[in-house]
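Chemist: What follows is the file final.pdb, containing PDB, C-alpha atoms and all ligand atoms:
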```
ATOM      1  CA  MET A   1       5.090  32.630-184.149  1.00  0.00           C
ATOM      2  CA  ALA A   2       7.174  33.512-181.107  1.00  0.00           C
ATOM      3  CA  VAL A   3      10.045  32.038-179.100  1.00  0.00           C
ATOM      4  CA  TYR A   4       9.854  31.815-175.312  1.00  0.00           C
ATOM      5  CA  ALA A   5      12.214  30.831-172.505  1.00  0.00           C
ATOM      6  CA  VAL A   6      11.588  29.888-168.878  1.00  0.00           C
ATOM      7  CA  SER A   7      13.797  28.180-166.290  1.00  0.00           C
ATOM      8  CA  ASP A   8      13.759  26.451-162.894  1.00  0.00           C
ATOM      9  CA  LEU A   9      10.131  25.278-162.847  1.00  0.00           C
ATOM     10  CA  HIS A  10      11.132  22.787-160.109  1.00  0.00           C
ATOM     11  CA  GLY A  11       8.101  20.552-160.384  1.00  0.00           C
ATOM     12  CA  ARG A  12       5.504  23.348-160.236  1.00  0.00           C
ATOM     13  CA  ASP A  13       3.478  22.052-163.144  1.00  0.00           C
ATOM     14  CA  GLU A  14       0.518  24.275-162.278  1.00  0.00           C
ATOM     15  CA  ALA A  15       2.618  27.402-162.814  1.00  0.00           C
ATOM     16  CA  PHE A  16       3.943  25.816-166.015  1.00  0.00           C
ATOM     17  CA  ARG A  17       0.420  25.272-167.382  1.00  0.00           C
ATOM     18  CA  GLU A  18      -0.767  28.681-166.210  1.00  0.00           C
ATOM     19  CA  GLY A  19       2.202  30.301-167.944  1.00  0.00           C
ATOM     20  CA  LEU A  20       1.519  28.484-171.217  1.00  0.00           C
ATOM     21  CA  GLU A  21      -2.051  29.775-171.082  1.00  0.00           C
ATOM     22  CA  ARG A  22      -0.985  33.314-170.239  1.00  0.00           C
ATOM     23  CA  ILE A  23       1.386  33.498-173.222  1.00  0.00           C
ATOM     24  CA  GLY A  24      -1.179  31.794-175.475  1.00  0.00           C
ATOM     25  CA  PHE A  25       1.397  29.159-176.400  1.00  0.00           C
ATOM     26  CA  GLY A  26       0.488  27.572-179.730  1.00  0.00           C
ATOM     27  CA  ASP A  27       1.788  24.955-182.155  1.00  0.00           C
ATOM     28  CA  THR A  28       3.818  27.472-184.171  1.00  0.00           C
ATOM     29  CA  ASP A  29       5.572  28.871-181.072  1.00  0.00           C
ATOM     30  CA  GLN A  30       8.745  27.503-179.517  1.00  0.00           C
ATOM     31  CA  LEU A  31       9.595  27.128-175.818  1.00  0.00           C
ATOM     32  CA  TYR A  32      12.976  26.481-174.219  1.00  0.00           C
ATOM     33  CA  VAL A  33      13.061  25.358-170.584  1.00  0.00           C
ATOM     34  CA  ILE A  34      16.534  26.220-169.308  1.00  0.00           C
ATOM     35  CA  GLY A  35      17.010  23.439-166.783  1.00  0.00           C
ATOM     36  CA  ASP A  36      15.689  22.337-163.375  1.00  0.00           C
ATOM     37  CA  ALA A  37      12.199  21.353-164.497  1.00  0.00           C
ATOM     38  CA  ILE A  38      12.101  18.812-161.636  1.00  0.00           C
ATOM     39  CA  ASP A  39      12.359  18.388-157.806  1.00  0.00           C
ATOM     40  CA  ARG A  40      11.028  20.573-154.941  1.00  0.00           C
ATOM     41  CA  GLY A  41       7.427  20.345-156.284  1.00  0.00           C
ATOM     42  CA  ASP A  42       5.728  17.052-157.243  1.00  0.00           C
ATOM     43  CA  GLY A  43       4.989  17.773-160.924  1.00  0.00           C
ATOM     44  CA  GLY A  44       8.470  17.351-162.408  1.00  0.00           C
ATOM     45  CA  ILE A  45       7.788  14.115-164.283  1.00  0.00           C
ATOM     46  CA  ARG A  46       4.614  15.620-165.790  1.00  0.00           C
ATOM     47  CA  ILE A  47       6.611  18.653-166.951  1.00  0.00           C
ATOM     48  CA  LEU A  48       9.388  16.495-168.449  1.00  0.00           C
ATOM     49  CA  GLN A  49       6.871  14.333-170.294  1.00  0.00           C
ATOM     50  CA  GLU A  50       5.043  17.313-171.717  1.00  0.00           C
ATOM     51  CA  ILE A  51       8.301  18.841-173.000  1.00  0.00           C
ATOM     52  CA  LYS A  52       9.328  15.438-174.382  1.00  0.00           C
ATOM     53  CA  GLU A  53       6.038  14.941-176.199  1.00  0.00           C
ATOM     54  CA  ARG A  54       5.794  18.371-177.813  1.00  0.00           C
ATOM     55  CA  GLU A  55       8.014  18.991-180.805  1.00  0.00           C
ATOM     56  CA  ASN A  56       8.084  22.732-180.186  1.00  0.00           C
ATOM     57  CA  MET A  57       9.422  22.468-176.628  1.00  0.00           C
ATOM     58  CA  ASP A  58      12.957  21.660-175.573  1.00  0.00           C
ATOM     59  CA  LEU A  59      14.840  21.283-172.303  1.00  0.00           C
ATOM     60  CA  ILE A  60      18.392  22.337-171.444  1.00  0.00           C
ATOM     61  CA  ILE A  61      20.060  20.205-168.739  1.00  0.00           C
ATOM     62  CA  GLY A  62      20.106  21.756-165.240  1.00  0.00           C
ATOM     63  CA  ASN A  63      21.917  20.467-162.165  1.00  0.00           C
ATOM     64  CA  HIS A  64      18.713  18.681-161.068  1.00  0.00           C
ATOM     65  CA  GLU A  65      18.348  16.768-164.365  1.00  0.00           C
ATOM     66  CA  PHE A  66      22.103  16.061-164.080  1.00  0.00           C
ATOM     67  CA  MET A  67      21.592  14.544-160.620  1.00  0.00           C
ATOM     68  CA  MET A  68      18.627  12.528-161.884  1.00  0.00           C
ATOM     69  CA  LEU A  69      20.625  11.205-164.854  1.00  0.00           C
ATOM     70  CA  ASN A  70      23.286   9.999-162.421  1.00  0.00           C
ATOM     71  CA  SER A  71      20.795   8.519-159.973  1.00  0.00           C
ATOM     72  CA  VAL A  72      18.403   6.492-162.117  1.00  0.00           C
ATOM     73  CA  ASP A  73      19.173   3.445-164.246  1.00  0.00           C
ATOM     74  CA  PRO A  74      19.653   4.102-167.992  1.00  0.00           C
ATOM     75  CA  TYR A  75      17.740   0.886-168.733  1.00  0.00           C
ATOM     76  CA  GLY A  76      14.709   1.725-166.616  1.00  0.00           C
ATOM     77  CA  SER A  77      15.188  -0.481-163.540  1.00  0.00           C
ATOM     78  CA  VAL A  78      14.557   1.141-160.142  1.00  0.00           C
ATOM     79  CA  ASP A  79      18.235   0.722-159.128  1.00  0.00           C
ATOM     80  CA  LEU A  80      19.977   3.853-157.876  1.00  0.00           C
ATOM     81  CA  GLY A  81      23.331   5.262-159.005  1.00  0.00           C
ATOM     82  CA  ARG A  82      26.193   7.498-157.834  1.00  0.00           C
ATOM     83  CA  ASP A  83      24.294  10.771-157.210  1.00  0.00           C
ATOM     84  CA  SER A  84      21.183   9.315-155.598  1.00  0.00           C
ATOM     85  CA  THR A  85      21.949  10.456-152.028  1.00  0.00           C
ATOM     86  CA  LEU A  86      22.798  13.961-153.184  1.00  0.00           C
ATOM     87  CA  TRP A  87      19.661  14.019-155.353  1.00  0.00           C
ATOM     88  CA  MET A  88      17.073  12.393-153.082  1.00  0.00           C
ATOM     89  CA  TYR A  89      18.137  13.553-149.619  1.00  0.00           C
ATOM     90  CA  TYR A  90      19.727  16.950-150.197  1.00  0.00           C
ATOM     91  CA  ASN A  91      18.052  18.308-153.325  1.00  0.00           C
ATOM     92  CA  GLY A  92      14.405  17.239-153.233  1.00  0.00           C
ATOM     93  CA  GLY A  93      14.818  14.409-155.742  1.00  0.00           C
ATOM     94  CA  HIS A  94      12.303  12.185-153.934  1.00  0.00           C
ATOM     95  CA  HIS A  95       9.569  14.520-155.231  1.00  0.00           C
ATOM     96  CA  THR A  96      10.571  13.320-158.700  1.00  0.00           C
ATOM     97  CA  TYR A  97      11.676   9.755-157.949  1.00  0.00           C
ATOM     98  CA  ASP A  98       8.325   8.780-156.370  1.00  0.00           C
ATOM     99  CA  PRO A  99       6.253   9.520-159.518  1.00  0.00           C
ATOM    100  CA  TYR A 100       9.148   8.286-161.690  1.00  0.00           C
ATOM    101  CA  ILE A 101       8.954   4.734-160.265  1.00  0.00           C
ATOM    102  CA  GLU A 102       5.205   4.739-160.992  1.00  0.00           C
ATOM    103  CA  LEU A 103       6.042   4.851-164.718  1.00  0.00           C
ATOM    104  CA  SER A 104       6.502   1.615-166.629  1.00  0.00           C
ATOM    105  CA  ARG A 105      10.046   0.353-167.132  1.00  0.00           C
ATOM    106  CA  GLN A 106       9.794   1.219-170.833  1.00  0.00           C
ATOM    107  CA  GLU A 107       8.633   4.785-170.033  1.00  0.00           C
ATOM    108  CA  ARG A 108      11.510   5.225-167.585  1.00  0.00           C
ATOM    109  CA  LYS A 109      14.018   4.025-170.171  1.00  0.00           C
ATOM    110  CA  GLU A 110      12.611   6.328-172.848  1.00  0.00           C
ATOM    111  CA  LEU A 111      12.631   9.270-170.437  1.00  0.00           C
ATOM    112  CA  TYR A 112      16.279   8.609-169.577  1.00  0.00           C
ATOM    113  CA  GLN A 113      17.285   8.363-173.231  1.00  0.00           C
ATOM    114  CA  TRP A 114      15.465  11.566-174.097  1.00  0.00           C
ATOM    115  CA  LEU A 115      17.042  13.409-171.123  1.00  0.00           C
ATOM    116  CA  ALA A 116      20.546  12.189-171.963  1.00  0.00           C
ATOM    117  CA  ASP A 117      20.058  13.535-175.486  1.00  0.00           C
ATOM    118  CA  ARG A 118      19.301  17.132-174.366  1.00  0.00           C
ATOM    119  CA  TYR A 119      21.780  19.988-174.754  1.00  0.00           C
ATOM    120  CA  VAL A 120      23.836  21.381-171.879  1.00  0.00           C
ATOM    121  CA  ILE A 121      24.564  24.583-173.817  1.00  0.00           C
ATOM    122  CA  LYS A 122      22.575  25.576-176.913  1.00  0.00           C
ATOM    123  CA  THR A 123      22.665  28.630-179.154  1.00  0.00           C
ATOM    124  CA  VAL A 124      19.473  29.911-180.763  1.00  0.00           C
ATOM    125  CA  THR A 125      19.003  32.855-183.120  1.00  0.00           C
ATOM    126  CA  VAL A 126      15.825  34.925-182.921  1.00  0.00           C
ATOM    127  CA  GLY A 127      15.640  37.917-185.238  1.00  0.00           C
ATOM    128  CA  GLU A 128      19.028  39.626-185.138  1.00  0.00           C
ATOM    129  CA  ARG A 129      20.041  38.332-181.734  1.00  0.00           C
ATOM    130  CA  THR A 130      21.804  35.084-180.881  1.00  0.00           C
ATOM    131  CA  PHE A 131      20.986  33.642-177.499  1.00  0.00           C
ATOM    132  CA  CYS A 132      23.165  31.220-175.599  1.00  0.00           C
ATOM    133  CA  LEU A 133      21.023  28.991-173.408  1.00  0.00           C
ATOM    134  CA  THR A 134      22.770  27.477-170.404  1.00  0.00           C
ATOM    135  CA  HIS A 135      21.455  26.610-166.951  1.00  0.00           C
ATOM    136  CA  SER A 136      24.299  28.430-165.260  1.00  0.00           C
ATOM    137  CA  ASN A 137      27.856  28.567-166.585  1.00  0.00           C
ATOM    138  CA  TYR A 138      29.561  28.863-169.968  1.00  0.00           C
ATOM    139  CA  ASP A 139      32.614  27.513-171.739  1.00  0.00           C
ATOM    140  CA  PRO A 140      32.943  27.808-175.534  1.00  0.00           C
ATOM    141  CA  ALA A 141      34.327  24.242-175.624  1.00  0.00           C
ATOM    142  CA  PHE A 142      30.878  22.899-174.756  1.00  0.00           C
ATOM    143  CA  GLU A 143      28.759  25.031-177.012  1.00  0.00           C
ATOM    144  CA  ASN A 144      25.950  22.998-178.611  1.00  0.00           C
ATOM    145  CA  LYS A 145      27.064  19.869-176.791  1.00  0.00           C
ATOM    146  CA  ARG A 146      24.534  17.309-175.652  1.00  0.00           C
ATOM    147  CA  TYR A 147      24.706  15.725-172.200  1.00  0.00           C
ATOM    148  CA  SER A 148      25.629  12.342-173.708  1.00  0.00           C
ATOM    149  CA  GLU A 149      28.628  13.889-175.508  1.00  0.00           C
ATOM    150  CA  MET A 150      30.185  15.356-172.335  1.00  0.00           C
ATOM    151  CA  GLU A 151      32.205  14.112-169.374  1.00  0.00           C
ATOM    152  CA  TYR A 152      30.664  14.134-165.874  1.00  0.00           C
ATOM    153  CA  ARG A 153      33.025  16.815-164.486  1.00  0.00           C
ATOM    154  CA  ASP A 154      32.502  19.138-167.468  1.00  0.00           C
ATOM    155  CA  VAL A 155      28.713  18.955-167.132  1.00  0.00           C
ATOM    156  CA  TRP A 156      29.121  19.567-163.379  1.00  0.00           C
ATOM    157  CA  ASP A 157      31.068  22.780-164.040  1.00  0.00           C
ATOM    158  CA  MET A 158      28.395  24.057-166.457  1.00  0.00           C
ATOM    159  CA  VAL A 159      25.300  23.282-164.380  1.00  0.00           C
ATOM    160  CA  TRP A 160      26.494  23.960-160.809  1.00  0.00           C
ATOM    161  CA  LYS A 161      28.932  26.889-161.016  1.00  0.00           C
ATOM    162  CA  SER A 162      27.461  30.366-160.972  1.00  0.00           C
ATOM    163  CA  VAL A 163      28.634  33.958-160.940  1.00  0.00           C
ATOM    164  CA  TYR A 164      26.027  34.476-158.211  1.00  0.00           C
ATOM    165  CA  ARG A 165      27.544  31.926-155.837  1.00  0.00           C
ATOM    166  CA  GLU A 166      30.428  32.822-153.592  1.00  0.00           C
ATOM    167  CA  GLU A 167      31.397  29.398-152.196  1.00  0.00           C
ATOM    168  CA  PRO A 168      34.738  28.450-153.861  1.00  0.00           C
ATOM    169  CA  GLU A 169      33.392  25.123-155.105  1.00  0.00           C
ATOM    170  CA  THR A 170      30.471  26.583-156.999  1.00  0.00           C
ATOM    171  CA  HIS A 171      31.716  30.077-157.842  1.00  0.00           C
ATOM    172  CA  ALA A 172      32.118  30.876-161.545  1.00  0.00           C
ATOM    173  CA  GLN A 173      34.133  33.724-163.015  1.00  0.00           C
ATOM    174  CA  ASP A 174      32.095  36.519-164.549  1.00  0.00           C
ATOM    175  CA  ILE A 175      33.197  35.608-168.064  1.00  0.00           C
ATOM    176  CA  TYR A 176      30.115  36.762-169.905  1.00  0.00           C
ATOM    177  CA  PRO A 177      31.423  40.183-170.994  1.00  0.00           C
ATOM    178  CA  GLU A 178      34.046  38.270-172.989  1.00  0.00           C
ATOM    179  CA  TYR A 179      31.371  36.983-175.331  1.00  0.00           C
ATOM    180  CA  PRO A 180      29.423  40.028-176.510  1.00  0.00           C
ATOM    181  CA  GLN A 181      28.088  38.121-179.525  1.00  0.00           C
ATOM    182  CA  TYR A 182      25.610  36.356-177.227  1.00  0.00           C
ATOM    183  CA  THR A 183      22.787  37.190-174.921  1.00  0.00           C
ATOM    184  CA  PHE A 184      23.092  34.520-172.219  1.00  0.00           C
ATOM    185  CA  LEU A 185      19.835  33.127-170.836  1.00  0.00           C
ATOM    186  CA  THR A 186      20.426  31.345-167.536  1.00  0.00           C
ATOM    187  CA  GLY A 187      18.685  30.238-164.342  1.00  0.00           C
ATOM    188  CA  HIS A 188      19.968  28.243-161.353  1.00  0.00           C
ATOM    189  CA  VAL A 189      20.087  30.986-158.710  1.00  0.00           C
ATOM    190  CA  PRO A 190      16.721  32.662-157.982  1.00  0.00           C
ATOM    191  CA  VAL A 191      16.716  36.298-159.057  1.00  0.00           C
ATOM    192  CA  MET A 192      15.878  37.336-155.478  1.00  0.00           C
ATOM    193  CA  ARG A 193      19.033  35.621-154.210  1.00  0.00           C
ATOM    194  CA  ALA A 194      21.186  36.853-157.094  1.00  0.00           C
ATOM    195  CA  ARG A 195      20.099  40.439-156.387  1.00  0.00           C
ATOM    196  CA  GLN A 196      21.059  39.963-152.751  1.00  0.00           C
ATOM    197  CA  THR A 197      24.518  38.705-153.772  1.00  0.00           C
ATOM    198  CA  LEU A 198      24.941  41.761-155.980  1.00  0.00           C
ATOM    199  CA  GLY A 199      23.808  44.087-153.194  1.00  0.00           C
ATOM    200  CA  LEU A 200      20.743  45.194-155.136  1.00  0.00           C
ATOM    201  CA  LEU A 201      18.069  46.054-152.631  1.00  0.00           C
ATOM    202  CA  GLU A 202      14.896  45.512-154.617  1.00  0.00           C
ATOM    203  CA  GLU A 203      13.290  42.117-154.116  1.00  0.00           C
ATOM    204  CA  ASP A 204      11.802  42.111-157.505  1.00  0.00           C
ATOM    205  CA  PHE A 205       9.951  39.153-159.018  1.00  0.00           C
ATOM    206  CA  SER A 206      11.283  39.872-162.527  1.00  0.00           C
ATOM    207  CA  ILE A 207      14.154  38.829-164.788  1.00  0.00           C
ATOM    208  CA  LEU A 208      17.604  40.048-163.767  1.00  0.00           C
ATOM    209  CA  GLU A 209      19.625  41.634-166.579  1.00  0.00           C
ATOM    210  CA  ARG A 210      23.307  42.507-166.264  1.00  0.00           C
ATOM    211  CA  GLY A 211      24.632  43.452-169.669  1.00  0.00           C
ATOM    212  CA  ASN A 212      24.327  40.358-171.845  1.00  0.00           C
ATOM    213  CA  LEU A 213      23.689  38.022-168.896  1.00  0.00           C
ATOM    214  CA  VAL A 214      20.022  37.402-168.145  1.00  0.00           C
ATOM    215  CA  ASN A 215      18.726  35.316-165.220  1.00  0.00           C
ATOM    216  CA  LEU A 216      15.198  33.882-165.543  1.00  0.00           C
ATOM    217  CA  ASP A 217      15.002  31.880-162.299  1.00  0.00           C
ATOM    218  CA  GLY A 218      11.833  33.181-160.637  1.00  0.00           C
ATOM    219  CA  GLY A 219      12.366  31.089-157.488  1.00  0.00           C
ATOM    220  CA  CYS A 220       9.871  28.228-157.969  1.00  0.00           C
ATOM    221  CA  ALA A 221      12.221  26.284-155.671  1.00  0.00           C
ATOM    222  CA  PHE A 222      11.000  28.361-152.687  1.00  0.00           C
ATOM    223  CA  GLY A 223       7.450  27.050-153.079  1.00  0.00           C
ATOM    224  CA  PRO A 224       4.190  28.851-152.281  1.00  0.00           C
ATOM    225  CA  ASP A 225       4.375  28.625-148.468  1.00  0.00           C
ATOM    226  CA  ARG A 226       7.310  30.849-147.559  1.00  0.00           C
ATOM    227  CA  GLY A 227       5.634  34.177-148.080  1.00  0.00           C
ATOM    228  CA  ILE A 228       8.000  35.098-150.913  1.00  0.00           C
ATOM    229  CA  LEU A 229       6.575  36.425-154.165  1.00  0.00           C
ATOM    230  CA  CYS A 230       8.070  33.876-156.544  1.00  0.00           C
ATOM    231  CA  GLY A 231       7.187  31.628-159.463  1.00  0.00           C
ATOM    232  CA  ALA A 232       7.875  31.230-163.179  1.00  0.00           C
ATOM    233  CA  LEU A 233       9.183  33.987-165.449  1.00  0.00           C
ATOM    234  CA  PHE A 234       8.310  33.386-169.113  1.00  0.00           C
ATOM    235  CA  LEU A 235      10.327  35.626-171.428  1.00  0.00           C
ATOM    236  CA  ARG A 236       9.332  36.230-175.066  1.00  0.00           C
ATOM    237  CA  LEU A 237      12.624  36.589-176.925  1.00  0.00           C
ATOM    238  CA  ASP A 238      11.151  38.327-179.985  1.00  0.00           C
ATOM    239  CA  ASP A 239      10.133  41.508-178.138  1.00  0.00           C
ATOM    240  CA  TRP A 240      11.511  40.959-174.596  1.00  0.00           C
ATOM    241  CA  GLU A 241       8.106  40.872-172.948  1.00  0.00           C
ATOM    242  CA  CYS A 242       8.159  39.079-169.591  1.00  0.00           C
ATOM    243  CA  PHE A 243       5.146  37.203-168.203  1.00  0.00           C
ATOM    244  CA  SER A 244       5.419  36.510-164.487  1.00  0.00           C
ATOM    245  CA  VAL A 245       3.370  33.663-163.043  1.00  0.00           C
ATOM    246  CA  PRO A 246       3.445  33.664-159.234  1.00  0.00           C
ATOM    247  CA  LEU A 247       3.024  30.402-157.296  1.00  0.00           C
ATOM    248  CA  ARG A 248      -0.302  30.043-155.545  1.00  0.00           C
ATOM    249  CA  LYS A 249      -1.115  28.118-152.382  1.00  0.00           C
TER     250      LYS A 249
HETATM  251 MN    MN B   1      19.885  24.808-160.719  1.00  0.00          MN
END
```
The structure in this file should be written as structure tokens.
Ligand SMILES: [Mn+2]
Modeler:
Amino acid sequence: MAVYAVSDLHGRDEAFREGLERIGFGDTDQLYVIGDAIDRGDGGIRILQEIKERENMDLIIGNHEFMMLNSVDPYGSVDLGRDSTLWMYYNGGHHTYDPYIELSRQERKELYQWLADRYVIKTVTVGERTFCLTHSNYDPAFENKRYSEMEYRDVWDMVWKSVYREEPETHAQDIYPEYPQYTFLTGHVPVMRARQTLGLLEEDFSILERGNLVNLDGGCAFGPDRGILCGALFLRLDDWECFSVPLRK
């Protein structure tokens, strides 16, 4: 029995399946997907449904699920809400919305309810270590809070702001050293980009560790056609083994 984490699959369901095979994921294992399972690639709905159906998988809300939750109708109609332009036209949401409207109204409603019930920040203990799972940012006020229990602006601050982003609107303070009791597992900014921001020269397709802050975003958002070595990074929390699954054309 082992516990795994991965983030930012961005609709690349082939890399998701390949990763599950590589790690030999079984019924007694546990997997946490730390946000942004959807958009960019076309397989986001398939990924969400697989996580939803399997009791030993869970999803943390990322900014893409946040946009989806504020774009689709809670009751399963195809009406669009407040974030739909941001989601569909600027952030690849049409890759998810197109297969989403192929679902039945009941399936759409159930998917919404399940998504709204996911955590924004969740703590998990494995062995002697406690992990804090968050797509990007942290505030102790929102620890172990579900999406449906939080205000829009508070979720926004947790899923959009990042220590690796320099724009004032999305920049987060490097607060992680203040909470040494946790190992933070995050995604949101691809490790290649985060290393650039930090002035680290290696363009390494591997997890980025800075003290107790760990970034697992392997850059699935880039896709297989840009000539960048990128994909999914599955991390086994029990022994810190990382399984990298590059995207293929
Ligand atoms: Mn993100």
Chemist: List as number ranges by chain the residues having at least one atom at most 7 Å from position (30.8, 34.1, -158.2) as given in the file, counting all atoms listed in the file.
Modeler: A: 162-166, 171-174
Chemist: Enter the distance from atom CA of Leu233 of chain A to atom CA of Pro177 of chain A, in Å, rounded to one decimal.
Modeler: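 Distance between the two atoms: 23.7 Å.
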Chemist: On this file, the PyMOL selection byres (((not hetatm)) within 7 of (chain B and resi 1)) gives some set of residues; write that set as a JSON list (two decimals) with C-alpha atoms, keeping the file's coordinate frame.
Modeler:
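What landed in out.json:
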```json
[["chain", "number", "residue", "atom", "x", "y", "z"],
["A", 8, "ASP", "CA", 13.76, 26.45, -162.89],
["A", 35, "GLY", "CA", 17.01, 23.44, -166.78],
["A", 36, "ASP", "CA", 15.69, 22.34, -163.38],
["A", 62, "GLY", "CA", 20.11, 21.76, -165.24],
["A", 63, "ASN", "CA", 21.92, 20.47, -162.16],
["A", 64, "HIS", "CA", 18.71, 18.68, -161.07],
["A", 135, "HIS", "CA", 21.46, 26.61, -166.95],
["A", 159, "VAL", "CA", 25.30, 23.28, -164.38],
["A", 160, "TRP", "CA", 26.49, 23.96, -160.81],
["A", 187, "GLY", "CA", 18.68, 30.24, -164.34],
["A", 188, "HIS", "CA", 19.97, 28.24, -161.35],
["A", 189, "VAL", "CA", 20.09, 30.99, -158.71]]
```
Chemist: How would you write, as JSON, numbers by chain, the residues chosen by the PyMOL selection byres (((chain A and resi 31) around 6) and not hetatm) on this structure?
Modeler: {"A": [3, 4, 5, 30, 32, 57]}
Chemist: Give me the residues of segment 57-146 of chain A that have any atom at most 10 Å from an atom of segment 199-220 of chain A; for each, the nearest atom pair and the distance in Å, rounded to one decimal. Use only C-alpha atoms, sort by chain and number, and format it as JSON lines.
Modeler:
```
{"residue": "A:Phe131", "atom": "CA", "partner": "A:Asn212", "partner_atom": "CA", "distance": 9.4}
{"residue": "A:Cys132", "atom": "CA", "partner": "A:Leu213", "partner_atom": "CA", "distance": 9.6}
{"residue": "A:Leu133", "atom": "CA", "partner": "A:Val214", "partner_atom": "CA", "distance": 10.0}
{"residue": "A:His135", "atom": "CA", "partner": "A:Asn215", "partner_atom": "CA", "distance": 9.3}
{"residue": "A:Ser136", "atom": "CA", "partner": "A:Asn215", "partner_atom": "CA", "distance": 8.9}
```
Chemist: Ranking A:Asn91, A:Thr123, A:Asn56, A:Gln113 by minimum distance to Tyr75 of chain A and counting only C-alpha atoms, which one comes first?
Modeler: A:Gln113
Chemist: Which residue gives the smallest distance to Arg193 of chain A among A:Ile175, A:Ile34, A:Cys230, A:Ile51, with all atoms listed in the file counted?
Modeler: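 Of the candidates, the smallest distance to Arg193 of chain A is held by A:Cys230.
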Chemist: Ile45 of chain A: which residues within 10 Å, counting all atoms listed in the file, same-chain residues fewer than 6 positions away excluded, as number ranges by chain?
Modeler: A: 11, 13, 37-39, 51, 95-100, 103, 111
Chemist: Since the input lacks some atoms of segment 144-162 of chain A, please model N, CA and C atoms and print them as a JSON list (two decimals), keeping the file's coordinate frame.
Modeler:
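Listing of selection_11.json after writing:
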```
[["chain", "number", "residue", "atom", "x", "y", "z"],
["A", 144, "ASN", "N", 26.76, 23.94, -177.83],
["A", 144, "ASN", "CA", 25.95, 23.00, -178.61],
["A", 144, "ASN", "C", 26.37, 21.54, -178.41],
["A", 145, "LYS", "N", 26.76, 21.25, -177.17],
["A", 145, "LYS", "CA", 27.06, 19.87, -176.79],
["A", 145, "LYS", "C", 25.87, 19.29, -176.04],
["A", 146, "ARG", "N", 25.58, 18.03, -176.37],
["A", 146, "ARG", "CA", 24.53, 17.31, -175.65],
["A", 146, "ARG", "C", 25.13, 16.65, -174.42],
["A", 147, "TYR", "N", 24.27, 16.38, -173.43],
["A", 147, "TYR", "CA", 24.71, 15.72, -172.20],
["A", 147, "TYR", "C", 25.51, 14.46, -172.50],
["A", 148, "SER", "N", 24.99, 13.64, -173.42],
["A", 148, "SER", "CA", 25.63, 12.34, -173.71],
["A", 148, "SER", "C", 27.00, 12.48, -174.37],
["A", 149, "GLU", "N", 27.32, 13.68, -174.85],
["A", 149, "GLU", "CA", 28.63, 13.89, -175.51],
["A", 149, "GLU", "C", 29.67, 14.44, -174.54],
["A", 150, "MET", "N", 29.28, 14.68, -173.27],
["A", 150, "MET", "CA", 30.18, 15.36, -172.34],
["A", 150, "MET", "C", 30.59, 14.46, -171.17],
["A", 151, "GLU", "N", 31.73, 14.80, -170.57],
["A", 151, "GLU", "CA", 32.20, 14.11, -169.37],
["A", 151, "GLU", "C", 31.46, 14.64, -168.14],
["A", 152, "TYR", "N", 31.37, 13.79, -167.12],
["A", 152, "TYR", "CA", 30.66, 14.13, -165.87],
["A", 152, "TYR", "C", 31.15, 15.47, -165.30],
["A", 153, "ARG", "N", 32.48, 15.62, -165.14],
["A", 153, "ARG", "CA", 33.02, 16.82, -164.49],
["A", 153, "ARG", "C", 32.73, 18.09, -165.30],
["A", 154, "ASP", "N", 32.76, 17.97, -166.62],
["A", 154, "ASP", "CA", 32.50, 19.14, -167.47],
["A", 154, "ASP", "C", 31.04, 19.58, -167.36],
["A", 155, "VAL", "N", 30.13, 18.60, -167.32],
["A", 155, "VAL", "CA", 28.71, 18.95, -167.13],
["A", 155, "VAL", "C", 28.55, 19.62, -165.76],
["A", 156, "TRP", "N", 29.20, 19.02, -164.74],
["A", 156, "TRP", "CA", 29.12, 19.57, -163.38],
["A", 156, "TRP", "C", 29.49, 21.06, -163.38],
["A", 157, "ASP", "N", 30.60, 21.38, -164.01],
["A", 157, "ASP", "CA", 31.07, 22.78, -164.04],
["A", 157, "ASP", "C", 30.06, 23.72, -164.72],
["A", 158, "MET", "N", 29.34, 23.21, -165.72],
["A", 158, "MET", "CA", 28.40, 24.06, -166.46],
["A", 158, "MET", "C", 27.08, 24.24, -165.72],
["A", 159, "VAL", "N", 26.64, 23.20, -164.98],
["A", 159, "VAL", "CA", 25.30, 23.28, -164.38],
["A", 159, "VAL", "C", 25.30, 23.68, -162.90],
["A", 160, "TRP", "N", 26.44, 23.60, -162.24],
["A", 160, "TRP", "CA", 26.49, 23.96, -160.81],
["A", 160, "TRP", "C", 27.15, 25.31, -160.55],
["A", 161, "LYS", "N", 28.19, 25.66, -161.33],
["A", 161, "LYS", "CA", 28.93, 26.89, -161.02],
["A", 161, "LYS", "C", 28.19, 28.13, -161.50],
["A", 162, "SER", "N", 28.23, 29.16, -160.66],
["A", 162, "SER", "CA", 27.46, 30.37, -160.97],
["A", 162, "SER", "C", 28.21, 31.62, -160.55]]
```
